[in-house]
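To start, the structure under review is shown below, and the notes come after it.
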2 protein chains.
Amino acid sequence: MKVSVGISNRHVHLTKKHLEILFGNGYELEELKSLKQPGQFASNEKVTIETPKSKIEGVRVLGPVRPYTQVEVSKTDAIKLGIEPPVRDSGKLEGSSPITIIGPNGKIELEEGCILATRHIHITPKEKEEFGLSDVSKVCIKVNGEKGGILDNVYLKVADESYFELHLDTDDANAFLLKNNDEVEILVGENCEQ
Amino acid sequence: MKVSVGISNRHVHLTKKHLEILFGNGYELEELKSLKQPGQFASNEKVTIETPKSKIEGVRVLGPVRPYTQVEVSKTDAIKLGIEPPVRDSGKLEGSSPITIIGPNGKIELEEGCILATRHIHITPKEKEEFGLSDVSKVCIKVNGEKGGILDNVYLKVADESYFELHLDTDDANAFLLKNNDEVEILVGENCEQ
C-alpha cells in the first residue's frame, strides 16, 4: 500500500481575531495557492515568529482561519528558537510552547501554541475501510534509498473531505531525502517493523 | 546491542594548504574541544560556505588537517544552499557538490567537496568481532519514542583508534528527536527491519 508525500514547512494557523491583530481590522487572508486538503490554502501573508532566544522571519500563514492559533515548526527550527515544543496533533495545544507572532499591524504573545506536528496521513472513512485499516489508528512508513528506513507513529487523520496524503515535517523529509509527491509504503501492525 | 549517539553539525575538514589560504601562511588550527574519536578536535576556527544561491556563516573547522578538503552539510543546509550533495563516506569526493569556502585571509572555490555524510558507527576491529559483527559492513538503528523508527544503511567504520559511537547528521537527529549521548539499538540483518 503506497501513499504520496506532502512536506509541511514551518507555518502558522490563525484565529480571525488574531489575524486582525496582526494584519488589521477586517483583514482577510489572500489565497496564494490551494493545498491538496480540500478548502485549505497557502496565503500570501507571512509573519515573524519570535522567542527570547531568536526569531524566524517569513513564516507562511495557512488559511482559512481556524478556531485556534497554532505555530508548527520542525525540531531544527525549535533548536534555533530555543524552545522544546511537544509532538502534537493540530489543535491539541495544552502545555505546548510559548511563542510570539509578529505581523505588520501588531503582535500576539502566546503562552502556548507552538508544536511539532504529529506524523499523519489524511484519509477518508471510505478509504480507511477499503484499505483494510478499519481498526487501525496509526501505521508506519517505509522509505527506500540511501537514507531510507522506517518512520513510526504515523497517525491516520480521518475526515470525509480528505486528500489521501502523508504529511511530514521538513526534518523527517530531509532526513529520509524525500521530496513532495514521492511515493512511500505503508506498513501495518502493532509494532510495524518487527 | 546499544550504541550512543554523536550528532555532527555542518563542518569543514581542510588540507594544510587550504588552511593556509583561508587563514594565512603557517597557520595552525587551535583546539577548542577534543572530540570522542581519538585525535580529532573541534577548532576555534570558523569559515563561511557559499554557493551562487546562498551562504552559511560560522561553519566550524574540525582538526587536525586532512589529505583532502571536505564540507559536510545536512540536506536542510543543502536546500538552503541550492545544491544536491551526494551521500558519501569521508574522502569519497568524486562528483560531489561544488562549494566555496571563505576565511579571513582568502577563499577556495572547490569544484567538488560538499557531501551529506553517510550514517556510520565508529568501531574497532576487536569490538566488531566481540559484538559478532565480523561479516557485517552495515547495520540499522532502532530509535524509540514519539518520533521513533529505523534508520537503514548505517555503515561500520572500522579503525584501530576508534571510540564506539553512532554519527548522525542534524537532520537524522532532529527527525528522530535524538540528543548527543542518547542510546539507541543496533539491528543486524540483510534487511534489518523485516
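We name chains A, B, ... following the order of the C-alpha cells; residues begin at 1 in each chain, and ligands are numbered from 1 as shown.
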With only C-alpha atoms considered, list every residue of chain A at most 7 Å from chain B, as an mmCIF file with all heavy atoms, in the first residue's frame.
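Writing done, so here's selection-v6.cif:
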```cif
data_model
loop_
_atom_site.group_PDB
_atom_site.id
_atom_site.type_symbol
_atom_site.label_atom_id
_atom_site.label_comp_id
_atom_site.auth_asym_id
_atom_site.auth_seq_id
_atom_site.Cartn_x
_atom_site.Cartn_y
_atom_site.Cartn_z
ATOM 1 N N LYS A 75 11.892 20.381 14.530
ATOM 2 C CA LYS A 75 12.824 20.365 15.668
ATOM 3 C C LYS A 75 14.039 21.251 15.368
ATOM 4 O O LYS A 75 14.560 21.926 16.264
ATOM 5 C CB LYS A 75 13.269 18.924 15.956
ATOM 6 C CG LYS A 75 14.183 18.768 17.152
ATOM 7 C CD LYS A 75 13.479 19.021 18.470
ATOM 8 C CE LYS A 75 14.418 18.899 19.664
ATOM 9 N NZ LYS A 75 13.744 19.224 20.928
ATOM 10 N N THR A 76 14.470 21.269 14.105
ATOM 11 C CA THR A 76 15.581 22.143 13.703
ATOM 12 C C THR A 76 15.243 23.607 13.995
ATOM 13 O O THR A 76 16.067 24.350 14.550
ATOM 14 C CB THR A 76 15.887 21.948 12.197
ATOM 15 O OG1 THR A 76 16.247 20.574 11.980
ATOM 16 C CG2 THR A 76 17.027 22.843 11.732
ATOM 17 N N GLU A 146 19.197 5.457 -0.077
ATOM 18 C CA GLU A 146 20.458 5.529 0.666
ATOM 19 C C GLU A 146 20.249 5.970 2.118
ATOM 20 O O GLU A 146 20.921 5.517 3.019
ATOM 21 C CB GLU A 146 21.377 6.538 -0.055
ATOM 22 C CG GLU A 146 22.770 6.640 0.484
ATOM 23 C CD GLU A 146 23.570 5.345 0.388
ATOM 24 O OE1 GLU A 146 23.280 4.520 -0.494
ATOM 25 O OE2 GLU A 146 24.480 5.167 1.221
ATOM 26 N N LYS A 147 19.300 6.882 2.331
ATOM 27 C CA LYS A 147 18.972 7.295 3.702
ATOM 28 C C LYS A 147 17.551 6.849 4.060
ATOM 29 O O LYS A 147 16.783 7.606 4.660
ATOM 30 C CB LYS A 147 19.181 8.801 3.890
ATOM 31 C CG LYS A 147 20.666 9.209 3.870
ATOM 32 C CD LYS A 147 20.890 10.612 4.411
ATOM 33 C CE LYS A 147 20.680 10.681 5.903
ATOM 34 N NZ LYS A 147 20.639 12.087 6.394
ATOM 35 N N GLY A 148 17.243 5.622 3.680
ATOM 36 C CA GLY A 148 15.918 5.087 3.948
ATOM 37 C C GLY A 148 15.753 4.616 5.373
ATOM 38 O O GLY A 148 16.631 4.809 6.232
ATOM 39 N N GLY A 149 14.609 3.972 5.617
ATOM 40 C CA GLY A 149 14.307 3.459 6.947
ATOM 41 C C GLY A 149 12.815 3.416 7.172
ATOM 42 O O GLY A 149 12.035 3.331 6.217
ATOM 43 N N ILE A 150 12.438 3.493 8.443
ATOM 44 C CA ILE A 150 11.028 3.412 8.818
ATOM 45 C C ILE A 150 10.678 4.534 9.779
ATOM 46 O O ILE A 150 11.445 4.840 10.696
ATOM 47 C CB ILE A 150 10.715 2.046 9.461
ATOM 48 C CG1 ILE A 150 10.820 0.949 8.384
ATOM 49 C CG2 ILE A 150 9.339 2.029 10.106
ATOM 50 C CD1 ILE A 150 10.560 -0.445 8.893
ATOM 51 N N LEU A 151 9.528 5.160 9.533
ATOM 52 C CA LEU A 151 9.005 6.160 10.459
ATOM 53 C C LEU A 151 7.853 5.541 11.245
ATOM 54 O O LEU A 151 6.871 5.078 10.644
ATOM 55 C CB LEU A 151 8.489 7.390 9.718
ATOM 56 C CG LEU A 151 9.521 8.205 8.939
ATOM 57 C CD1 LEU A 151 9.541 7.799 7.478
ATOM 58 C CD2 LEU A 151 9.208 9.691 9.043
ATOM 59 N N ASP A 152 7.959 5.531 12.557
ATOM 60 C CA ASP A 152 6.904 5.004 13.418
ATOM 61 C C ASP A 152 5.864 6.079 13.714
ATOM 62 O O ASP A 152 6.099 7.271 13.482
ATOM 63 C CB ASP A 152 7.491 4.592 14.780
ATOM 64 C CG ASP A 152 8.348 3.344 14.703
ATOM 65 O OD1 ASP A 152 8.342 2.664 13.663
ATOM 66 O OD2 ASP A 152 9.022 3.061 15.713
ATOM 67 N N ASN A 153 4.762 5.641 14.294
ATOM 68 C CA ASN A 153 3.753 6.556 14.853
ATOM 69 C C ASN A 153 3.237 7.569 13.837
ATOM 70 O O ASN A 153 3.277 8.779 14.055
ATOM 71 C CB ASN A 153 4.327 7.282 16.075
ATOM 72 C CG ASN A 153 4.718 6.315 17.175
ATOM 73 O OD1 ASN A 153 4.032 5.318 17.412
ATOM 74 N ND2 ASN A 153 5.834 6.582 17.836
ATOM 75 N N ASP A 171 12.141 18.097 8.790
ATOM 76 C CA ASP A 171 13.190 17.240 9.359
ATOM 77 C C ASP A 171 13.027 15.801 8.889
ATOM 78 O O ASP A 171 14.000 15.171 8.457
ATOM 79 C CB ASP A 171 13.160 17.275 10.897
ATOM 80 C CG ASP A 171 13.753 18.551 11.464
ATOM 81 O OD1 ASP A 171 14.510 19.237 10.751
ATOM 82 O OD2 ASP A 171 13.466 18.856 12.634
ATOM 83 N N ASP A 172 11.804 15.284 8.998
ATOM 84 C CA ASP A 172 11.568 13.916 8.529
ATOM 85 C C ASP A 172 11.867 13.806 7.032
ATOM 86 O O ASP A 172 12.537 12.875 6.584
ATOM 87 C CB ASP A 172 10.118 13.492 8.797
ATOM 88 C CG ASP A 172 9.891 13.073 10.251
ATOM 89 O OD1 ASP A 172 10.860 12.667 10.912
ATOM 90 O OD2 ASP A 172 8.740 13.150 10.709
ATOM 91 N N ASN A 174 13.786 15.668 5.095
ATOM 92 C CA ASN A 174 15.203 15.841 4.754
ATOM 93 C C ASN A 174 16.070 14.689 5.267
ATOM 94 O O ASN A 174 17.024 14.286 4.595
ATOM 95 C CB ASN A 174 15.715 17.185 5.274
ATOM 96 C CG ASN A 174 15.094 18.352 4.525
ATOM 97 O OD1 ASN A 174 14.567 18.175 3.423
ATOM 98 N ND2 ASN A 174 15.126 19.532 5.111
ATOM 99 N N ALA A 175 15.733 14.154 6.434
ATOM 100 C CA ALA A 175 16.489 13.005 6.953
ATOM 101 C C ALA A 175 16.387 11.830 5.984
ATOM 102 O O ALA A 175 17.361 11.107 5.765
ATOM 103 C CB ALA A 175 15.975 12.600 8.330
ATOM 104 N N GLU A 193 7.664 -2.650 12.529
ATOM 105 C CA GLU A 193 8.957 -3.045 11.973
ATOM 106 C C GLU A 193 9.392 -4.424 12.440
ATOM 107 O O GLU A 193 10.493 -4.839 12.153
ATOM 108 C CB GLU A 193 10.028 -2.002 12.268
ATOM 109 C CG GLU A 193 10.415 -1.894 13.706
ATOM 110 C CD GLU A 193 9.528 -0.906 14.417
ATOM 111 O OE1 GLU A 193 8.591 -0.371 13.794
ATOM 112 O OE2 GLU A 193 9.762 -0.676 15.606
ATOM 113 N N GLN A 194 8.563 -5.116 13.200
ATOM 114 C CA GLN A 194 9.016 -6.421 13.688
ATOM 115 C C GLN A 194 8.126 -7.551 13.209
ATOM 116 O O GLN A 194 7.081 -7.322 12.640
ATOM 117 C CB GLN A 194 9.104 -6.394 15.217
ATOM 118 C CG GLN A 194 10.350 -5.649 15.672
ATOM 119 C CD GLN A 194 10.362 -5.386 17.161
ATOM 120 O OE1 GLN A 194 9.446 -5.749 17.866
ATOM 121 N NE2 GLN A 194 11.394 -4.719 17.620
#
```
Please produce, as a Markdown table, a per-residue contact table for region 70-188 of chain A versus region 45-58 of chain A (criterion: any atom at most 9 Å away, only C-alpha atoms considered), showing the nearest atom pair and its distance in Å to one decimal, sorted by chain then residue number.
```
| residue | atom | partner | partner_atom | distance |
| --- | --- | --- | --- | --- |
| A:Val71 | CA | A:Ile49 | CA | 8.4 |
| A:Asp77 | CA | A:Ile56 | CA | 8.2 |
| A:Lys80 | CA | A:Ser54 | CA | 6.7 |
| A:Leu81 | CA | A:Ser54 | CA | 5.0 |
| A:Gly82 | CA | A:Lys53 | CA | 5.8 |
| A:Ile83 | CA | A:Thr51 | CA | 7.9 |
| A:Pro98 | CA | A:Thr51 | CA | 7.9 |
| A:Ile99 | CA | A:Thr51 | CA | 5.7 |
| A:Thr100 | CA | A:Glu50 | CA | 5.1 |
| A:Ile101 | CA | A:Ile49 | CA | 4.7 |
| A:Ile102 | CA | A:Thr48 | CA | 5.0 |
| A:Gly103 | CA | A:Val47 | CA | 5.1 |
| A:Pro104 | CA | A:Val47 | CA | 7.9 |
```
For the residues selected in the previous step, produce a file with N, CA and C atoms as an mmCIF file, in the first residue's frame.
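Saved to selection_26.cif:
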```cif
data_model
loop_
_atom_site.group_PDB
_atom_site.id
_atom_site.type_symbol
_atom_site.label_atom_id
_atom_site.label_comp_id
_atom_site.auth_asym_id
_atom_site.auth_seq_id
_atom_site.Cartn_x
_atom_site.Cartn_y
_atom_site.Cartn_z
ATOM 1 N N VAL A 71 1.303 27.440 15.842
ATOM 2 C CA VAL A 71 2.547 27.555 15.090
ATOM 3 C C VAL A 71 3.174 26.169 14.994
ATOM 4 N N ASP A 77 14.017 24.015 13.636
ATOM 5 C CA ASP A 77 13.571 25.379 13.966
ATOM 6 C C ASP A 77 13.541 25.586 15.474
ATOM 7 N N LYS A 80 16.848 26.304 17.015
ATOM 8 C CA LYS A 80 17.229 27.692 16.718
ATOM 9 C C LYS A 80 16.476 28.662 17.637
ATOM 10 N N LEU A 81 15.199 28.374 17.871
ATOM 11 C CA LEU A 81 14.362 29.267 18.677
ATOM 12 C C LEU A 81 14.565 29.062 20.182
ATOM 13 N N GLY A 82 15.242 27.974 20.560
ATOM 14 C CA GLY A 82 15.483 27.719 21.981
ATOM 15 C C GLY A 82 14.251 27.257 22.740
ATOM 16 N N ILE A 83 13.353 26.554 22.056
ATOM 17 C CA ILE A 83 12.149 26.033 22.716
ATOM 18 C C ILE A 83 12.070 24.523 22.499
ATOM 19 N N PRO A 98 5.399 28.403 24.407
ATOM 20 C CA PRO A 98 5.080 29.825 24.219
ATOM 21 C C PRO A 98 5.825 30.367 23.003
ATOM 22 N N ILE A 99 5.200 31.302 22.311
ATOM 23 C CA ILE A 99 5.840 31.923 21.141
ATOM 24 C C ILE A 99 5.138 33.241 20.832
ATOM 25 N N THR A 100 5.885 34.153 20.241
ATOM 26 C CA THR A 100 5.306 35.437 19.829
ATOM 27 C C THR A 100 5.201 35.473 18.310
ATOM 28 N N ILE A 101 4.045 35.937 17.829
ATOM 29 C CA ILE A 101 3.836 36.071 16.385
ATOM 30 C C ILE A 101 3.739 37.565 16.059
ATOM 31 N N ILE A 102 4.529 37.994 15.087
ATOM 32 C CA ILE A 102 4.586 39.420 14.753
ATOM 33 C C ILE A 102 4.120 39.626 13.310
ATOM 34 N N GLY A 103 3.140 40.509 13.141
ATOM 35 C CA GLY A 103 2.654 40.870 11.808
ATOM 36 C C GLY A 103 2.881 42.346 11.560
ATOM 37 N N PRO A 104 2.469 42.829 10.385
ATOM 38 C CA PRO A 104 2.708 44.239 10.054
ATOM 39 C C PRO A 104 1.904 45.204 10.919
#
```
note - CA of Ala159 (chain B) and CA of Lys126 (chain B) are separated by 9.5 Å
Could you check the closest approach to His120 (chain B) for each of B:Ser137, B:Ser96, B:Asn105, B:Asn9 and tell me which residue wins, using only C-alpha atoms? B:Ser137
Region 26-159 of chain B: residues DSSP assigns to alpha helix (DSSP H), reported as a ChimeraX atom specification: /B:75-81,125-130
Write a file of the selected residues as a compact mmCIF listing (two decimals), in the first residue's frame, keeping all heavy atoms.
```
# COMPACT_ATOMS: atom_id res chain seq x y z
N LYS B 75 20.92 17.84 4.63
CA LYS B 75 20.05 18.11 3.48
C LYS B 75 19.33 19.46 3.67
O LYS B 75 19.14 20.20 2.71
CB LYS B 75 19.03 16.98 3.32
CG LYS B 75 18.10 17.12 2.13
CD LYS B 75 18.81 16.92 0.82
CE LYS B 75 17.88 17.10 -0.37
NZ LYS B 75 18.59 16.97 -1.65
N THR B 76 18.99 19.77 4.92
CA THR B 76 18.36 21.08 5.21
C THR B 76 19.29 22.21 4.79
O THR B 76 18.85 23.18 4.15
CB THR B 76 18.04 21.18 6.72
OG1 THR B 76 17.13 20.12 7.06
CG2 THR B 76 17.41 22.51 7.08
N ASP B 77 20.58 22.10 5.13
CA ASP B 77 21.57 23.09 4.68
C ASP B 77 21.65 23.12 3.16
O ASP B 77 21.73 24.19 2.54
CB ASP B 77 22.97 22.74 5.21
CG ASP B 77 23.08 22.83 6.72
OD1 ASP B 77 22.32 23.58 7.34
OD2 ASP B 77 23.96 22.14 7.27
N ALA B 78 21.68 21.92 2.55
CA ALA B 78 21.85 21.81 1.10
C ALA B 78 20.71 22.50 0.36
O ALA B 78 20.93 23.16 -0.66
CB ALA B 78 21.95 20.34 0.70
N ILE B 79 19.50 22.38 0.89
CA ILE B 79 18.35 23.04 0.26
C ILE B 79 18.53 24.55 0.34
O ILE B 79 18.32 25.26 -0.64
CB ILE B 79 17.03 22.57 0.93
CG1 ILE B 79 16.76 21.11 0.56
CG2 ILE B 79 15.86 23.47 0.52
CD1 ILE B 79 15.64 20.45 1.34
N LYS B 80 18.93 25.03 1.50
CA LYS B 80 19.20 26.48 1.65
C LYS B 80 20.27 26.94 0.65
O LYS B 80 20.16 28.02 0.06
CB LYS B 80 19.64 26.77 3.09
CG LYS B 80 20.02 28.24 3.35
CD LYS B 80 20.38 28.43 4.83
CE LYS B 80 21.23 29.68 5.07
NZ LYS B 80 20.57 30.95 4.73
N LEU B 81 21.31 26.11 0.47
CA LEU B 81 22.42 26.46 -0.40
C LEU B 81 22.12 26.21 -1.89
O LEU B 81 22.88 26.64 -2.76
CB LEU B 81 23.68 25.68 0.00
CG LEU B 81 24.29 26.01 1.37
CD1 LEU B 81 25.33 24.96 1.76
CD2 LEU B 81 24.92 27.41 1.37
N PRO B 125 38.32 -3.03 15.20
CA PRO B 125 38.22 -4.41 14.70
C PRO B 125 37.89 -5.39 15.83
O PRO B 125 37.11 -6.32 15.64
CB PRO B 125 39.62 -4.68 14.13
CG PRO B 125 40.24 -3.35 13.90
CD PRO B 125 39.63 -2.42 14.90
N LYS B 126 38.45 -5.12 17.02
CA LYS B 126 38.22 -6.00 18.17
C LYS B 126 36.74 -5.97 18.60
O LYS B 126 36.11 -7.00 18.83
CB LYS B 126 39.14 -5.54 19.31
CG LYS B 126 39.16 -6.45 20.52
CD LYS B 126 40.46 -6.31 21.31
CE LYS B 126 40.41 -7.04 22.64
NZ LYS B 126 39.94 -6.22 23.76
N GLU B 127 36.19 -4.74 18.70
CA GLU B 127 34.77 -4.61 19.07
C GLU B 127 33.88 -5.28 18.02
O GLU B 127 32.91 -5.95 18.35
CB GLU B 127 34.39 -3.14 19.18
CG GLU B 127 34.93 -2.46 20.44
CD GLU B 127 34.89 -0.94 20.36
OE1 GLU B 127 34.81 -0.37 19.24
OE2 GLU B 127 34.96 -0.31 21.42
N LYS B 128 34.24 -5.10 16.76
CA LYS B 128 33.44 -5.66 15.67
C LYS B 128 33.35 -7.18 15.84
O LYS B 128 32.27 -7.77 15.70
CB LYS B 128 34.10 -5.30 14.34
CG LYS B 128 33.22 -5.48 13.12
CD LYS B 128 33.82 -4.73 11.93
CE LYS B 128 32.97 -4.80 10.68
NZ LYS B 128 33.09 -6.04 9.93
N GLU B 129 34.47 -7.79 16.21
CA GLU B 129 34.47 -9.24 16.39
C GLU B 129 33.70 -9.63 17.66
O GLU B 129 32.87 -10.53 17.64
CB GLU B 129 35.93 -9.73 16.46
CG GLU B 129 36.05 -11.23 16.26
CD GLU B 129 37.50 -11.69 16.35
OE1 GLU B 129 38.40 -10.90 15.97
OE2 GLU B 129 37.72 -12.82 16.81
N GLU B 130 33.98 -8.90 18.74
CA GLU B 130 33.32 -9.21 20.02
C GLU B 130 31.80 -9.09 19.93
O GLU B 130 31.07 -9.83 20.58
CB GLU B 130 33.82 -8.26 21.12
CG GLU B 130 35.21 -8.61 21.64
CD GLU B 130 35.76 -7.54 22.58
OE1 GLU B 130 35.05 -6.54 22.85
OE2 GLU B 130 36.91 -7.70 23.03
```
Within 10 Å of Val136 (chain A), counting only C-alpha atoms, which residues show up once you throw out same-chain ones fewer than 5 positions away? Write them as a list in words, please. Lys128, Glu129, Tyr155, Leu156, Val188, Gly189 and Glu190 of chain A
Residues from last step as file, C-alpha atoms, as a PDB file, in the first residue's frame:
```
ATOM      1  CA  LYS A 128      -9.764   3.604   5.535  1.00  0.00           C
ATOM      2  CA  GLU A 129     -12.272   0.774   5.140  1.00  0.00           C
ATOM      3  CA  TYR A 155      -1.458   8.618  12.677  1.00  0.00           C
ATOM      4  CA  LEU A 156      -4.482   8.253  10.401  1.00  0.00           C
ATOM      5  CA  VAL A 188       0.581  -2.026   9.329  1.00  0.00           C
ATOM      6  CA  GLY A 189       0.915  -3.870  12.628  1.00  0.00           C
ATOM      7  CA  GLU A 190       1.161  -3.443  16.363  1.00  0.00           C
TER       8      GLU A 190
END
```
I need the residues of region 33-159 of chain A that end up classed as strand (DSSP E or B) by DSSP on the backbone, written out as number ranges by chain. A: 33-34, 41-50, 55-63, 70-72, 87-88, 97-102, 107-117, 120-123, 138-143, 149-158
With a distance cut-off of 12 Å and only C-alpha atoms, select the neighbouring residues of Lys17 (chain A), excluding the residue or stretch itself and same-chain residues fewer than 4 positions from it, and output the selection as a list in words. His13, Ile21, Leu22, Phe23, Gly24, Asn25, Gly26, Tyr27, Glu28, Val65, Arg66, Pro67, Tyr68, Thr69, Gly106, Lys107 and Ile108 of chain A
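Among the candidate residues B:Lys36, B:Lys157, B:Ile123, B:Pro64, the one lying nearest to Ile7 (chain B) is B:Lys36, with distances computed using only C-alpha atoms.
By chain and then residue number, the residues within 8 Å of Val3 (chain A) are Phe164, Glu165, Leu166, Glu183, Val184, Glu185 and Ile186 of chain A, counting only C-alpha atoms and disregarding those fewer than 6 positions away in sequence.
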